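Data from coords35.csv: CSV, C-alpha atoms
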chain,number,residue,atom,x,y,z
X,1,MET,CA,66.3,261.6,-214.8
X,2,MET,CA,65.4,258.0,-214.9
X,3,LYS,CA,68.7,257.1,-216.3
X,4,HIS,CA,70.6,259.1,-213.7
X,5,SER,CA,68.9,257.5,-210.7
X,6,ARG,CA,69.3,254.1,-212.3
X,7,ARG,CA,73.0,254.7,-212.6
X,8,ARG,CA,73.2,255.9,-209.0
X,9,PHE,CA,71.3,252.8,-207.9
X,10,LEU,CA,73.7,250.6,-209.8
X,11,ARG,CA,76.7,252.4,-208.2
X,12,GLY,CA,75.1,252.0,-204.8
X,13,LEU,CA,74.5,248.3,-205.5
X,14,SER,CA,78.2,247.7,-206.5
X,15,VAL,CA,79.3,249.4,-203.3
X,16,ALA,CA,77.0,247.2,-201.3
X,17,VAL,CA,78.3,244.1,-203.0
X,18,ALA,CA,81.9,245.1,-202.3
X,19,LEU,CA,81.1,245.7,-198.7
X,20,ALA,CA,79.3,242.4,-198.4
X,21,ALA,CA,82.4,240.7,-199.8
X,22,LEU,CA,84.7,242.3,-197.3
X,23,PRO,CA,84.2,240.1,-194.3
X,24,VAL,CA,85.2,237.1,-196.4
X,25,ARG,CA,88.5,238.7,-197.4
X,26,LEU,CA,89.4,240.2,-194.1
X,27,MET,CA,89.9,237.8,-191.2
X,28,ALA,CA,88.4,238.9,-188.0
X,29,ARG,CA,90.9,240.1,-185.4
X,30,ALA,CA,91.7,237.5,-182.7
X,31,THR,CA,90.2,239.7,-180.1
X,32,ASP,CA,89.5,237.0,-177.5
X,33,ALA,CA,93.1,235.7,-177.7
X,34,PHE,CA,94.5,239.2,-177.4
X,35,ARG,CA,92.3,239.9,-174.4
X,36,ALA,CA,93.2,236.6,-172.6
X,37,THR,CA,95.1,237.2,-169.4
X,38,LYS,CA,96.3,233.5,-169.2
X,39,LEU,CA,98.4,231.6,-171.6
X,40,GLU,CA,96.0,228.7,-171.6
X,41,ASP,CA,93.1,231.0,-172.5
X,42,ALA,CA,95.0,232.6,-175.4
X,43,ASN,CA,95.9,229.1,-176.7
X,44,LYS,CA,92.3,227.9,-176.5
X,45,ALA,CA,91.0,231.0,-178.2
X,46,LEU,CA,93.5,230.6,-181.1
X,47,PHE,CA,93.8,226.9,-181.5
X,48,GLY,CA,90.8,225.3,-179.9
X,49,GLN,CA,91.5,221.5,-179.7
X,50,LEU,CA,94.6,221.5,-181.9
X,51,PRO,CA,97.4,219.7,-180.1
X,52,LEU,CA,100.4,221.8,-179.0
X,53,VAL,CA,103.8,220.1,-179.4
X,54,GLU,CA,107.1,221.4,-178.2
X,55,SER,CA,109.5,221.1,-181.1
X,56,ASP,CA,113.2,221.7,-182.0
X,57,ALA,CA,111.9,222.6,-185.5
X,58,VAL,CA,110.8,226.0,-184.2
X,59,ASN,CA,113.8,228.3,-184.0
X,60,LEU,CA,113.7,231.2,-181.5
X,61,LYS,CA,116.3,234.0,-181.5
X,62,ILE,CA,115.8,236.0,-178.3
X,63,PRO,CA,118.4,237.3,-175.9
X,64,ALA,CA,118.7,235.3,-172.6
X,65,ILE,CA,119.0,238.6,-170.7
X,66,ALA,CA,117.2,241.8,-171.7
X,67,GLU,CA,118.6,244.9,-170.1
X,68,ASN,CA,115.6,246.9,-171.3
X,69,GLY,CA,112.2,245.2,-171.2
X,70,ALA,CA,110.7,247.8,-173.4
X,71,VAL,CA,112.7,246.6,-176.5
X,72,VAL,CA,113.3,242.8,-176.6
X,73,PRO,CA,114.2,241.5,-180.1
X,74,VAL,CA,112.4,238.2,-181.1
X,75,THR,CA,112.8,236.1,-184.2
X,76,VAL,CA,110.6,233.1,-184.9
X,77,SER,CA,111.4,230.9,-187.8
X,78,THR,CA,111.0,227.3,-189.0
X,79,GLU,CA,111.8,225.0,-192.0
X,80,LEU,CA,108.5,223.1,-191.4
X,81,GLU,CA,106.3,222.9,-194.4
X,82,GLY,CA,102.7,224.1,-194.6
X,83,VAL,CA,103.0,226.8,-191.9
X,84,GLN,CA,99.8,229.0,-191.9
X,85,ALA,CA,100.6,231.3,-189.0
X,86,ILE,CA,103.2,232.3,-186.4
X,87,TYR,CA,102.5,233.6,-182.9
X,88,ILE,CA,104.6,235.2,-180.2
X,89,MET,CA,103.5,234.8,-176.6
X,90,ILE,CA,105.0,236.1,-173.3
X,91,ASP,CA,103.7,234.1,-170.3
X,92,GLU,CA,104.1,236.8,-167.7
X,93,ASN,CA,102.8,239.8,-169.6
X,94,PRO,CA,99.3,241.1,-168.6
X,95,ASN,CA,98.0,239.7,-172.0
X,96,PRO,CA,100.4,236.9,-173.1
X,97,LEU,CA,99.5,237.1,-176.8
X,98,SER,CA,101.8,239.7,-178.4
X,99,ALA,CA,101.5,239.1,-182.1
X,100,THR,CA,100.1,236.8,-184.8
X,101,PHE,CA,101.4,236.6,-188.4
X,102,GLU,CA,99.3,234.9,-191.0
X,103,LEU,CA,101.4,233.7,-193.9
X,104,GLY,CA,100.5,233.6,-197.5
X,105,ALA,CA,100.9,230.2,-199.2
X,106,SER,CA,104.4,230.9,-200.5
X,107,SER,CA,105.7,233.1,-197.6
X,108,PRO,CA,108.7,231.8,-195.7
X,109,ALA,CA,108.0,231.2,-192.0
X,110,ASP,CA,110.5,233.8,-190.7
X,111,VAL,CA,109.5,236.9,-188.8
X,112,SER,CA,111.3,239.3,-186.4
X,113,THR,CA,110.0,242.1,-184.2
X,114,ARG,CA,110.6,243.7,-180.8
X,115,VAL,CA,108.4,243.2,-177.8
X,116,LYS,CA,107.8,244.7,-174.4
X,117,MET,CA,108.2,242.6,-171.3
X,118,GLY,CA,107.0,243.7,-167.9
X,119,LYS,CA,109.3,241.2,-166.1
X,120,SER,CA,111.3,238.1,-166.6
X,121,SER,CA,109.2,235.5,-168.4
X,122,MET,CA,109.1,232.5,-170.8
X,123,VAL,CA,108.8,233.7,-174.4
X,124,ARG,CA,107.1,231.4,-176.8
X,125,GLY,CA,107.2,231.1,-180.6
X,126,LEU,CA,104.4,229.0,-182.0
X,127,VAL,CA,103.8,227.9,-185.6
X,128,LYS,CA,100.5,226.5,-186.8
X,129,THR,CA,100.1,224.0,-189.5
X,130,ARG,CA,96.8,222.5,-190.8
X,131,ASP,CA,96.4,220.1,-187.9
X,132,GLN,CA,99.0,220.9,-185.3
X,133,VAL,CA,100.8,223.7,-183.4
X,134,PHE,CA,104.5,223.4,-182.8
X,135,TYR,CA,106.3,225.7,-180.3
X,136,ALA,CA,109.6,226.6,-178.7
X,137,ALA,CA,110.0,228.4,-175.4
X,138,GLN,CA,112.9,230.3,-173.9
X,139,GLU,CA,113.2,232.2,-170.6
X,140,VAL,CA,114.2,235.8,-170.8
X,141,LYS,CA,115.5,237.7,-167.8
X,142,VAL,CA,114.5,241.3,-167.7
X,143,THR,CA,116.6,243.8,-165.8
X,144,ILE,CA,114.3,246.8,-166.2
X,145,GLY,CA,110.6,246.2,-167.0
X,146,GLY,CA,109.2,247.7,-170.1
X,147,CYS,CA,105.4,247.9,-169.7
X,148,GLY,CA,105.4,251.2,-167.7
X,149,GLY,CA,106.8,252.9,-170.8
U,1,MET,CA,98.6,261.2,-189.5
U,2,ALA,CA,99.8,258.6,-192.0
U,3,ALA,CA,103.4,258.3,-190.8
U,4,ASP,CA,105.5,256.7,-193.4
U,5,ILE,CA,107.0,253.3,-193.0
U,6,LYS,CA,110.8,253.0,-193.6
U,7,LEU,CA,111.4,249.9,-195.7
U,8,ARG,CA,114.7,248.2,-196.7
U,9,GLY,CA,115.1,245.0,-198.5
U,10,LYS,CA,117.5,242.8,-200.4
U,11,ILE,CA,117.1,239.8,-202.6
U,12,LYS,CA,119.1,236.6,-201.9
U,13,ASP,CA,118.4,233.5,-203.9
U,14,GLY,CA,115.0,234.7,-205.1
U,15,VAL,CA,113.9,235.5,-201.5
U,16,ALA,CA,113.6,239.1,-200.4
U,17,GLU,CA,114.4,239.9,-196.8
U,18,ILE,CA,112.4,243.0,-195.8
U,19,LYS,CA,113.0,245.2,-192.8
U,20,SER,CA,110.6,247.8,-191.8
U,21,LEU,CA,110.4,250.6,-189.1
U,22,MET,CA,107.0,252.2,-188.3
U,23,PRO,CA,107.0,255.4,-186.2
U,24,HIS,CA,104.2,254.9,-183.7
U,25,PRO,CA,103.8,255.5,-179.9
U,26,MET,CA,102.4,252.0,-179.2
U,27,GLU,CA,100.8,253.1,-176.0
U,28,THR,CA,99.5,250.2,-173.9
U,29,GLY,CA,96.7,252.1,-172.1
U,30,THR,CA,98.2,251.4,-168.7
U,31,ARG,CA,101.0,254.0,-168.6
U,32,ARG,CA,100.5,257.1,-166.5
U,33,GLU,CA,101.6,260.7,-167.1
U,34,GLU,CA,103.4,262.4,-164.2
U,35,SER,CA,100.1,264.0,-163.5
U,36,GLY,CA,98.7,260.6,-162.8
U,37,ASP,CA,96.5,260.6,-165.9
U,38,VAL,CA,96.4,257.3,-167.8
U,39,VAL,CA,97.7,257.6,-171.3
U,40,PRO,CA,95.0,256.1,-173.6
U,41,ALA,CA,95.8,252.9,-175.5
U,42,HIS,CA,97.1,253.7,-179.0
U,43,TYR,CA,98.7,250.9,-180.9
U,44,ILE,CA,99.0,249.2,-184.3
U,45,GLU,CA,96.5,246.4,-184.6
U,46,GLU,CA,97.1,245.2,-188.1
U,47,VAL,CA,99.9,245.1,-190.6
U,48,VAL,CA,99.4,243.9,-194.2
U,49,CYS,CA,102.3,243.2,-196.5
U,50,GLN,CA,101.9,242.9,-200.2
U,51,HIS,CA,104.1,241.7,-203.1
U,52,ASN,CA,103.1,243.3,-206.4
U,53,GLY,CA,99.7,244.0,-204.9
U,54,GLU,CA,99.1,240.4,-203.6
U,55,ASN,CA,98.8,239.8,-199.8
U,56,VAL,CA,101.8,237.8,-198.6
U,57,LEU,CA,101.6,238.3,-194.9
U,58,ARG,CA,99.0,239.8,-192.4
U,59,ALA,CA,100.0,240.5,-188.8
U,60,GLU,CA,97.8,241.3,-185.8
U,61,TRP,CA,99.5,243.0,-182.9
U,62,GLY,CA,98.7,243.8,-179.3
U,63,PRO,CA,100.1,246.8,-177.4
U,64,SER,CA,103.1,244.7,-176.3
U,65,ILE,CA,104.9,245.3,-179.5
U,66,SER,CA,107.6,247.9,-178.8
U,67,LYS,CA,107.3,251.6,-179.5
U,68,ASN,CA,108.2,252.5,-183.1
U,69,PRO,CA,107.8,248.9,-184.2
U,70,TYR,CA,110.5,247.0,-186.1
U,71,PHE,CA,109.2,244.2,-188.3
U,72,ALA,CA,111.2,241.9,-190.6
U,73,PHE,CA,109.8,239.3,-192.9
U,74,SER,CA,110.7,237.4,-196.1
U,75,VAL,CA,109.0,237.1,-199.4
U,76,ARG,CA,109.6,234.3,-201.9
U,77,ASN,CA,109.7,234.3,-205.7
U,78,VAL,CA,110.8,237.9,-206.1
U,79,SER,CA,112.6,239.6,-208.9
U,80,PRO,CA,114.3,243.0,-209.2
U,81,GLY,CA,111.7,245.7,-209.9
U,82,ASP,CA,109.0,243.9,-207.8
U,83,ILE,CA,107.1,246.1,-205.4
U,84,ILE,CA,106.8,245.3,-201.7
U,85,SER,CA,104.3,247.4,-199.7
U,86,VAL,CA,103.4,247.5,-196.0
U,87,ARG,CA,100.4,249.2,-194.4
U,88,TRP,CA,99.5,249.4,-190.8
U,89,THR,CA,96.2,250.3,-189.1
U,90,ASP,CA,95.9,251.2,-185.4
U,91,ASN,CA,93.2,250.9,-182.8
U,92,LEU,CA,92.1,254.6,-183.5
U,93,GLY,CA,91.7,253.9,-187.2
U,94,GLU,CA,94.8,255.7,-188.3
U,95,SER,CA,97.1,254.2,-190.8
U,96,GLY,CA,100.5,254.4,-192.4
U,97,SER,CA,102.2,252.8,-195.3
U,98,GLY,CA,105.4,252.4,-197.2
U,99,GLU,CA,106.5,251.0,-200.5
U,100,LEU,CA,109.8,249.6,-201.8
U,101,VAL,CA,110.9,248.7,-205.3
U,102,LEU,CA,113.3,245.7,-205.0
U,103,LYS,CA,116.7,246.1,-206.6
Take the structure from the file and write it as structure tokens.
Amino acid sequence: MMKHSRRRFLRGLSVAVALAALPVRLMARATDAFRATKLEDANKALFGQLPLVESDAVNLKIPAIAENGAVVPVTVSTELEGVQAIYIMIDENPNPLSATFELGASSPADVSTRVKMGKSSMVRGLVKTRDQVFYAAQEVKVTIGGCGG
Amino acid sequence: MAADIKLRGKIKDGVAEIKSLMPHPMETGTRREESGDVVPAHYIEEVVCQHNGENVLRAEWGPSISKNPYFAFSVRNVSPGDIISVRWTDNLGESGSGELVLK
């Protein structure tokens, strides 16, 4: 009986230790940045005081005209070294921040996805290094908006 | 409700280019049915990509990623036989995953 409950205690303890370790391994979701309704607020929530620099080193591949705002392909890539994360922002969407991508140390900075756009807007690709954020922006004209589904 | 992720990938010069498709409604929470009822938000919040069990990329998404998301990324230092896996979790706590053995 003693032995049994001790084992159970130990098992409980190991679960508790594993749970306690979780928050360290899983980064918290950037909730404030996703909720922000203005580009400046999203930038502030994500980057604090880090300087934002427009740069040719950030490559954007986005159509200039999107016939269907519900499906707009976006590729953000860069050859810059030491990129920690990539972000996609759409100025005129209700919440400009669309996606964040945290890269592992050896992951190439090259991601593609498809986004919804309510109306014509600047689309931004941002890349974060240790002490700076570089970005490129391009206007996308939307013929049919894509946020109503 | 773990919908499978479709994964494809090819190795070029030691770098794997991975393409994934994730069946998911990606509801924004602002769309209305014909009846006028708002369709509740239902979207993928997190995507974790692993190479042989090691995290290589972690994405956070808002509801403005398109329905049935397409996501492409690259992984360095890969060899044939390596395993790439992708797993999403949505705002309702549902999840889906997919696995690919590189050729």
Among the residues U:Glu33, U:Asp90, U:Glu27, U:Asp13, the one that comes closest to U:Glu45 [using only C-alpha atoms] |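 Checking each of U:Glu33, U:Asp90, U:Glu27, U:Asp13 against U:Glu45, counting only C-alpha atoms, the winner is U:Asp90.
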So which residues touch U:Leu100 within 8 Å, counting all atoms listed in the file, skipping near sequence neighbours fewer than 4 positions away, as a VMD selection string?
-> chain U and resid 7 to 9 83 to 85
Interatomic distance (Å, one decimal) between atom CA of U:Arg58 and atom CA of X:Gly104 = 8.2 Å
Check the smallest atom-to-atom distance from each of X:Val123, X:Val133, X:Val115, X:Ala45 to U:Tyr70 using only C-alpha atoms, then report the winner.
-> X:Val115
Using all atoms listed in the file, pick whichever of X:Asp32, X:Glu102, X:Glu67, X:Asp41 has the shortest atom-to-atom distance to U:Phe73.
->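 Checking each of X:Asp32, X:Glu102, X:Glu67, X:Asp41 against U:Phe73, counting all atoms listed in the file, the winner is X:Glu102.
Take atom CA of X:Val76 and atom CA of U:Glu54: the distance between them is 23.1 Å.
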Kindly give the distance, in Å, that separates atom CA of X:Arg130 and atom CA of X:Pro94, rounded to a single decimal.
->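 Calculated distance between atom CA of X:Arg130 and atom CA of X:Pro94 is 29.1 Å.
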Rank nothing, just name the residue among U:Glu60, U:Glu17, U:Glu46, U:Asp4 nearest to chain X, using only C-alpha atoms.
-> U:Glu60
In terms of the shortest atom-to-atom distance over all atoms listed in the file, which of X:Val142, X:Ala99, X:Val58, X:Val53 is closest to X:Ser77?
-> X:Val58
Which residues of chain U are close to chain X, meaning at most 6 Å apart when you count only C-alpha atoms, and how do they look as number ranges by chain?
-> U: 31, 56-62, 64-66, 70-76
Pick the closest to U:Lys6 from U:Val38, U:Ile44, U:Leu21, U:Val86: which is it, counting only C-alpha atoms?
->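 With only C-alpha atoms as the atom set, the closest residue is U:Leu21.
Here the residues that fall within 10 Å of (89.0, 252.3, -180.0), using all atoms listed in the file, are given as Pro40, Ala41, His42, Tyr43, Asp90, Asn91, Leu92 and Gly93 of chain U.
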Local residues around (114.9, 237.3, -207.1), at most 10 Å away, using all atoms listed in the file, as a list in words | Lys10, Ile11, Lys12, Asp13, Gly14, Val15, Ala16, Val75, Arg76, Asn77, Val78, Ser79, Pro80, Gly81, Asp82, Leu102 and Lys103 of chain U
Regenerate stretch 68-81 of chain U at the level of N, CA and C atoms and dump it as a compact mmCIF listing (two decimals), keeping the file's coordinate frame.
# COMPACT_ATOMS: atom_id res chain seq x y z
N ASN U 68 107.60 252.41 -181.81
CA ASN U 68 108.20 252.50 -183.10
C ASN U 68 108.61 251.12 -183.65
N PRO U 69 107.59 250.30 -183.93
CA PRO U 69 107.80 248.90 -184.20
C PRO U 69 108.82 248.61 -185.35
N TYR U 70 109.63 247.60 -185.10
CA TYR U 70 110.50 247.00 -186.10
C TYR U 70 109.88 245.69 -186.51
N PHE U 71 109.84 245.44 -187.80
CA PHE U 71 109.20 244.20 -188.30
C PHE U 71 110.00 243.73 -189.51
N ALA U 72 110.52 242.50 -189.44
CA ALA U 72 111.20 241.90 -190.60
C ALA U 72 110.53 240.65 -191.03
N PHE U 73 110.46 240.47 -192.34
CA PHE U 73 109.80 239.30 -192.90
C PHE U 73 110.47 238.97 -194.24
N SER U 74 110.11 237.81 -194.79
CA SER U 74 110.70 237.40 -196.10
C SER U 74 109.60 237.14 -197.08
N VAL U 75 109.93 237.35 -198.35
CA VAL U 75 109.00 237.10 -199.40
C VAL U 75 109.67 236.26 -200.50
N ARG U 76 109.00 235.17 -200.89
CA ARG U 76 109.60 234.30 -201.90
C ARG U 76 109.27 234.68 -203.31
N ASN U 77 109.97 234.11 -204.27
CA ASN U 77 109.70 234.30 -205.70
C ASN U 77 109.69 235.78 -206.10
N VAL U 78 110.73 236.48 -205.75
CA VAL U 78 110.80 237.90 -206.10
C VAL U 78 111.84 238.13 -207.18
N SER U 79 111.68 239.22 -207.91
CA SER U 79 112.60 239.60 -208.90
C SER U 79 112.90 241.13 -208.75
N PRO U 80 114.06 241.59 -209.22
CA PRO U 80 114.30 243.00 -209.20
C PRO U 80 113.19 243.79 -209.90
N GLY U 81 112.77 244.91 -209.32
CA GLY U 81 111.70 245.70 -209.90
C GLY U 81 110.33 245.38 -209.24
